[in-house]
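Q: Take this structure first; my questions come after.
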Amino acid sequence: MDIGFSEEQELLRETARKFLEAECSSGFVRERMATAEAVTHTFWRQLAEQGWLGIVYPEADGGSGLGLVDLVVLMEEMGRRVMPGPFFSTVLLGGAAIAEAGSSAQRREWLPPIAAGAAKAALAWTEPALRWDAAGITLAARETAGGFTLSGSKLFVGDAHLADIMVIAARTRDGTTMEDGVTLFLAPKDTPGIGVSVLPTIDETRKLCEVRLDRAEFPASALLGELHQGWTPLSRVVTRATVALCAEMCGAAQQVLDMTVEYAKLRVAFGRPIGSYQGVKHQAADMLVAIENAKSLTYYAAWAVDRGEDEAPLAAAMAKAAASDMARRVAGTGIQLHGGIGMTWEHDLQLYFKRAKASEVAFGDATWHRERVAQLMSP
Amino acid sequence: MDIGFSEEQELLRETARKFLEAECSSGFVRERMATAEAVTHTFWRQLAEQGWLGIVYPEADGGSGLGLVDLVVLMEEMGRRVMPGPFFSTVLLGGAAIAEAGSSAQRREWLPPIAAGAAKAALAWTEPALRWDAAGITLAARETAGGFTLSGSKLFVGDAHLADIMVIAARTRDGTTMEDGVTLFLAPKDTPGIGVSVLPTIDETRKLCEVRLDRAEFPASALLGELHQGWTPLSRVVTRATVALCAEMCGAAQQVLDMTVEYAKLRVAFGRPIGSYQGVKHQAADMLVAIENAKSLTYYAAWAVDRGEDEAPLAAAMAKAAASDMARRVAGTGIQLHGGIGMTWEHDLQLYFKRAKASEVAFGDATWHRERVAQLMSP
Amino acid sequence: MDFADSPEHAAFRAEFRAWLDANLPGDIKVDDAADQRVAPDRETLERRIAWQKKMHAAGWVGISWPREYGGRGASFMQQVIFDEEYFRARAPVLPGASAINLLGPTLIQWGTEAQKQRHLPRILAGDERWCQGFSEPGAGGDLASLRTRAVDRGDHFLVNGQKVWTSGAHFADWCFLLVRSDPEAPKHHGISYLLVDMKTPGITVRPLVLLNGHRHFNEVFFEDVVVPKENLVGPLNEGWKVAITTLMFERSGAGGRDHAAQLARLAELAKEFPSRQEPAWNDGHIRQQLAQLAIDVKALQVTRLRGLTRRLRGEPPGPEGSILKLFGSELALRIADFSSTLLGPYATVEAPTEAVPDAARWHHRVLGARQYTIAGGTSEIQRNIIGERVLGLPKG
Amino acid sequence: MDFADSPEHAAFRAEFRAWLDANLPGDIKVDDAADQRVAPDRETLERRIAWQKKMHAAGWVGISWPREYGGRGASFMQQVIFDEEYFRARAPVLPGASAINLLGPTLIQWGTEAQKQRHLPRILAGDERWCQGFSEPGAGGDLASLRTRAVDRGDHFLVNGQKVWTSGAHFADWCFLLVRSDPEAPKHHGISYLLVDMKTPGITVRPLVLLNGHRHFNEVFFEDVVVPKENLVGPLNEGWKVAITTLMFERSGAGGRDHAAQLARLAELAKEFPSRQEPAWNDGHIRQQLAQLAIDVKALQVTRLRGLTRRLRGEPPGPEGSILKLFGSELALRIADFSSTLLGPYATVEAPTEAVPDAARWHHRVLGARQYTIAGGTSEIQRNIIGERVLGLPKG
């Protein structure tokens, strides 16, 4: 047993922290979030140069073949700086689905350009009747002579408006279980019949979209993985992305706590630094406890997923439930302890608060994952 | 609108407070709780002399005919001193059931002696499969030539071991609704086939019993109210008793807060009274808020029940849900803020803590009543 | 103990309700009364001013002011009924609200005859807008540590300094301002209370944008601003006492009035909204949370009424207002949190969606609810006030 | 990052588990390891002493002590595995636990050769029982403000004063005691650390009965108690440093190890126990609460392991123990509260019932769980420690 990070991982952390401190200031974040792309070409190329756009893909596919525990380190640092843009959708969702389910030809076509920063990707799986399990996938794929016709809509799809390639989950048959009959399709940019619009959501640093499919046609070659059997790879991708998101939430929360502690040492009220009052100190202590626990569960989940342990799905559900509650509490308390200044647009806390809210409900909130924990506890 | 107590009610409060301070010290409580009776004959006679044993019965039945709002005042004061003994079971449960459902003969037989302190009563309604609605009543009453035969068991019956007269709720038929088919019976002390044993429960000041009926025979004259129609009067009695219990819980909690504030002013740690630390002060403030809110809902429920408002059942459920959570929190925080001394047998807080726990779950805990609120909110 | 209206009060309630039904324009109704902004923009402001004038013409503005100052001499209970009906009708907060509710009663108690003559009629008529210049940067909850200076220059004061969190200053014609007039005196005895014309040279207003993008608060800078001496309210250097009058009216009016409406809508949504079980209402934990919020909303309402009763019986508004402020604002947060539990990502969209047509309302709540536990005295400060002034615990 | 045992550790775990399976008598197993009383009565004490002797004979007592003092020189990781297996087996806390875990390591670091020779073997063998004389009435969490006096009388100290919350003093042969030896010095520099024979004349032990009726703690009075000078541990007047060694081992060992077992039983009960829906498990809010507790139990476990990793990497036990103490004890309370939500009045009965055969267990939990957030430093003190020593916030 050794529940800490390796020297290589600590080095990755240090590199990431330095890079992001230099290149991803809050000024940069604010400037970019006002644009549709949410990053600059330069920044995106720098991410590629660091090797981070292919961090979890096999080396054969142009990646660096690192594990989820390594990714956790990087995500914590990205969370610390509320890094804007389609990293998550491209690398951990769309690209990861291709890596997980794609044929070698599909992988060769898309993963090297993604890793090189030349292509962006997205994963369209959730729908208006929001569920985070297989039953949530109802978008109908009708089999035709040459392939499939898809109609319906996907909601809350990250960065679909930027994607060169989109993975779409659809229902190809009503199987005996909800899992059976889910199929993944590859939709390159500008596929006819697909309309994308950006939703005005709370976290402008990462856009969410509505994707409407109106008799969009897909050739058989657009199938990603096996017909009807798409849920297994999809759920693997989603589980990994969920754990990565937890890590990002932990990093962001740690930054909020650091900012809050710093402020509480300096800000004076009634003649003393506010951090000397137990009313502030005890809340800061509770923030720390919540963050430490969420980190513990995230690290545990990352390890369990990497090793393919039986309890990996349970561990991931526990991590997301804890991280969701933690993120809301920490971001909220951070604002509370900053007082008025924390409520302003000008203060960076708003960036963390909005990201925390978006992440809290992404991939299922605490309530969703607690129910999942209960089901997994009870065989 | 005038949401305060009348001068008469304030006078009742003052009388009750003075009497109980003098006659119901914690030494008295501790001494009596070690006995099966939990009160002395003298004390019980004094309660009768004050008119409190008949406070809610009509004057024609030997009572003083006061309303639930008046009773609230008295209960708050009784709660403040953790008054021991069968007042609640006798006056507000067993006796109240007779007052609510009894024929004039039955009322004349039992209420004047109860009001005079010459008889004690109990109400046996809850059963091992604990539910606080009509479905909880399953004890079978079989109709025979001369009357009924009852077999089964009742659990958590207050002070059944002291009762001269016990009201027993039984199921006389499977009606179309759960409410239909509930019938009340009067069982005088020593009815053959009835066994009573005291359970070792948390609050020794008020005993709870198991009552076992083994083919106990009841003549037709033992019917209290109409055959099959016992749920309506029973639920009225239970609703009133629930609101009265809420008031008692508020009074007890107020006393805990008073004791805690007093202690926090005197007790010094690290050179200052502990009450000057926000860690203590803020928790005391939260205790007050919880108590004030529970009082608000209790007063509102008492008024609504007295007036027969449509929302009386909703108001009572709200009051009990709030009081249950409040009581646990206040008693717990009281101990926490007292530190070590608050955990000892010697300190009076234990009396309040144990009473609070017993009351919290009596007549349904917060979860039970929240569900009831939800059902009543949703027509 | 009586929660019901007396016959006279019922009649008053019916009269005002009928008047509102007949006169309140549909297009100025608001979804979210907790959002007490003066107005999001100039156009809305103008519509609300017109609405105040209409109300004033019918004698419904400042009803609790004495008749001699243009009010109705309404009883406290009538004022309570008035407020209940006004918010029930979803009418917007009047642009003159802070002047009507805070400054007016303060001037009536402390103002000179000339001040009353000059200002009170215009406050009621909605002719001029006021802002409240109390909070300062760096002071936080410690209001009395304010540092904006007023130097005595014979016939006028010269004011220099900065205020912050000044609601509606960008629309204001006048400001009621706290200044330090004697820096040598103990902190509560060197403060004066001034009325300042916002058009006076040297005043700069800069908007403070909130994290939800709202532009309601401002920073206000004073640089050699001349304030005539006749604009001093109450005794020189004893303005803290005057301010207390204003603050008491502020605290006793603190938020939470529309919790019930918010919750009713969430209960509706719970019965429609899909979930793991459909609808969400079928989930026991959703019902438990809705019920708990309903209980707390009712408790807050009754606790408020109990406080009103104490005032009806002649006691002044006191620190029990902190209980309402603390609990009401925390409850607003919990309602917002619950909207997110119920609606998930839909509570983060600032636009109508098919499943949740009023998604934007919850988006605003989620973003906006954080301010209630901070503005007007943080929850931490309210707990101090309760601990010290209600429970008598020693200061820290 | 590796949560799995290495092969050597797995072998060690298997060895100890097998030994426990073969040797732990069924009649001394405990339901509630959180209830770390020395023993409820003399008879149980004797059985547990016999158990300690059996363990000692097999070399399983004090395994992390150096071999020269009778231990196994076990690595820190082995100690962790040992503890996990010991509690998993539901073995009772050893009567010598405080001496083995707290005093032993302290003596090894600070004791004289004679002290080590005299005491260490007897501690391991369970020949003598120890109690910890640190807390005093009136000191609360401010341990260093202790007032029990030790006056230098040439060859001995004369001790007068009072200790409180002394676990197991009624069974103890010896006491490790903090005294004030220099009342003039700053409070952390006038303290000495003594070993006191409990049979010395002048010592009175009075039980402190807890609200649940347990007699585990005591008040201990010292009246002109003679303590030979050779019983001083570490430097005169610098006993605070010695005490810190003891306290660090205490904090790092703080409770919460059997939360998982308690929760597993509650989950079982939820699947059997009647409720509005039957069984209670079918209620969504019951599942939500069970799941949340399971999540928190797991989080505590992993947070503990992360702390252990830091120690494995050579860092000493530090203030992060406060996180475990705070969260673990609050979690114990929440588990007790949930038992009451699930079982209602059954959780208040101190006897087996048909529906809940182990009702008494929950009765004890409901009564007993309150002490964990107080004993060993209240939650408020833990939050101060975290705020000040971990986060670096200024003292209040």
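Residues are named by chain letter and number: chains run A, B, ... in the order of the structure tokens, numbers start at 1 in each chain, and ligands are numbered from 1 in the order shown.
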Could you list, as a VMD selection string, every residue of chain C that has an atom within 6 Å of an atom of chain A, counting only C-alpha atoms?

A: chain C and resid 209 to 211 344 to 345 348 to 350 374

Q: Using only C-alpha atoms, which chain C residues lie at most 10 Å away from chain D, written as a list in words?

A: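 On the chain C side, the interface is Asn282, Asp283, Gly284, His285, Ile286, Arg287, Gln288, Gln289 and Gly396 of chain C.
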
Q: Report, in Å with one decimal, the straight-line distance from atom CA of C:Arg90 to atom CA of C:Trp60.

A: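 One can read the atom CA of C:Arg90 to atom CA of C:Trp60 distance as 15.9 Å.
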
Q: Have a look at atom CA of B:Leu184 and atom CA of B:His228 and let me know their distance in Å, one decimal.

A: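 That distance, rounded to one decimal, is 8.3 Å.
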
Q: I'd like the contact shell of A:Met78 - 8 Å cut-off, only C-alpha atoms, skipping same-chain residues fewer than 6 positions apart - returned as a PyMOL selection string.

A: chain A and resi 16+20+248+251-252

Q: Put those residues in a file: C-alpha atoms, as an mmCIF file, in the first residue's frame.

A:
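New file again-v6.cif:
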data_model
loop_
_atom_site.group_PDB
_atom_site.id
_atom_site.type_symbol
_atom_site.label_atom_id
_atom_site.label_comp_id
_atom_site.auth_asym_id
_atom_site.auth_seq_id
_atom_site.Cartn_x
_atom_site.Cartn_y
_atom_site.Cartn_z
ATOM 1 C CA ALA A 16 1.344 21.576 -15.181
ATOM 2 C CA LEU A 20 -0.956 26.955 -16.290
ATOM 3 C CA GLU A 248 -10.713 18.687 -11.521
ATOM 4 C CA GLY A 251 -8.215 20.984 -7.685
ATOM 5 C CA ALA A 252 -10.621 23.868 -8.153
#

Q: Counting only C-alpha atoms, what is within 12 Å of C:Ala14, bar same-chain residues fewer than 3 positions away, as a PyMOL selection string?

A: chain C and resi 5+7-11+17-21+78+81-82+84-86

Q: Restrict the selected residues to C-alpha atoms and save them as a PDB file, in the first residue's frame.

A:
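Result saved to out.pdb:
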ATOM      1  CA  ASP C   5     -57.775  38.564  10.336  1.00  0.00           C
ATOM      2  CA  PRO C   7     -63.224  41.747  10.356  1.00  0.00           C
ATOM      3  CA  GLU C   8     -61.729  45.235   9.855  1.00  0.00           C
ATOM      4  CA  HIS C   9     -58.434  43.790   8.783  1.00  0.00           C
ATOM      5  CA  ALA C  10     -60.144  41.372   6.441  1.00  0.00           C
ATOM      6  CA  ALA C  11     -61.968  44.309   4.879  1.00  0.00           C
ATOM      7  CA  ARG C  17     -56.388  43.104  -3.083  1.00  0.00           C
ATOM      8  CA  ALA C  18     -59.242  44.308  -5.243  1.00  0.00           C
ATOM      9  CA  TRP C  19     -57.393  47.498  -6.057  1.00  0.00           C
ATOM     10  CA  LEU C  20     -54.288  45.557  -7.080  1.00  0.00           C
ATOM     11  CA  ASP C  21     -56.322  43.148  -9.186  1.00  0.00           C
ATOM     12  CA  GLN C  78     -52.458  47.129   8.090  1.00  0.00           C
ATOM     13  CA  ILE C  81     -51.450  43.003   5.405  1.00  0.00           C
ATOM     14  CA  PHE C  82     -50.464  45.510   2.750  1.00  0.00           C
ATOM     15  CA  GLU C  84     -48.539  40.372   2.194  1.00  0.00           C
ATOM     16  CA  GLU C  85     -50.980  41.341  -0.536  1.00  0.00           C
ATOM     17  CA  TYR C  86     -48.432  43.350  -2.451  1.00  0.00           C
TER      18      TYR C  86
END

Q: Give me the residues near C:Met1 as a count of residues only, where near means some atom within 12 Å (using only C-alpha atoms) and where sequence neighbours in that chain fewer than 6 positions away do not count.

A: 30
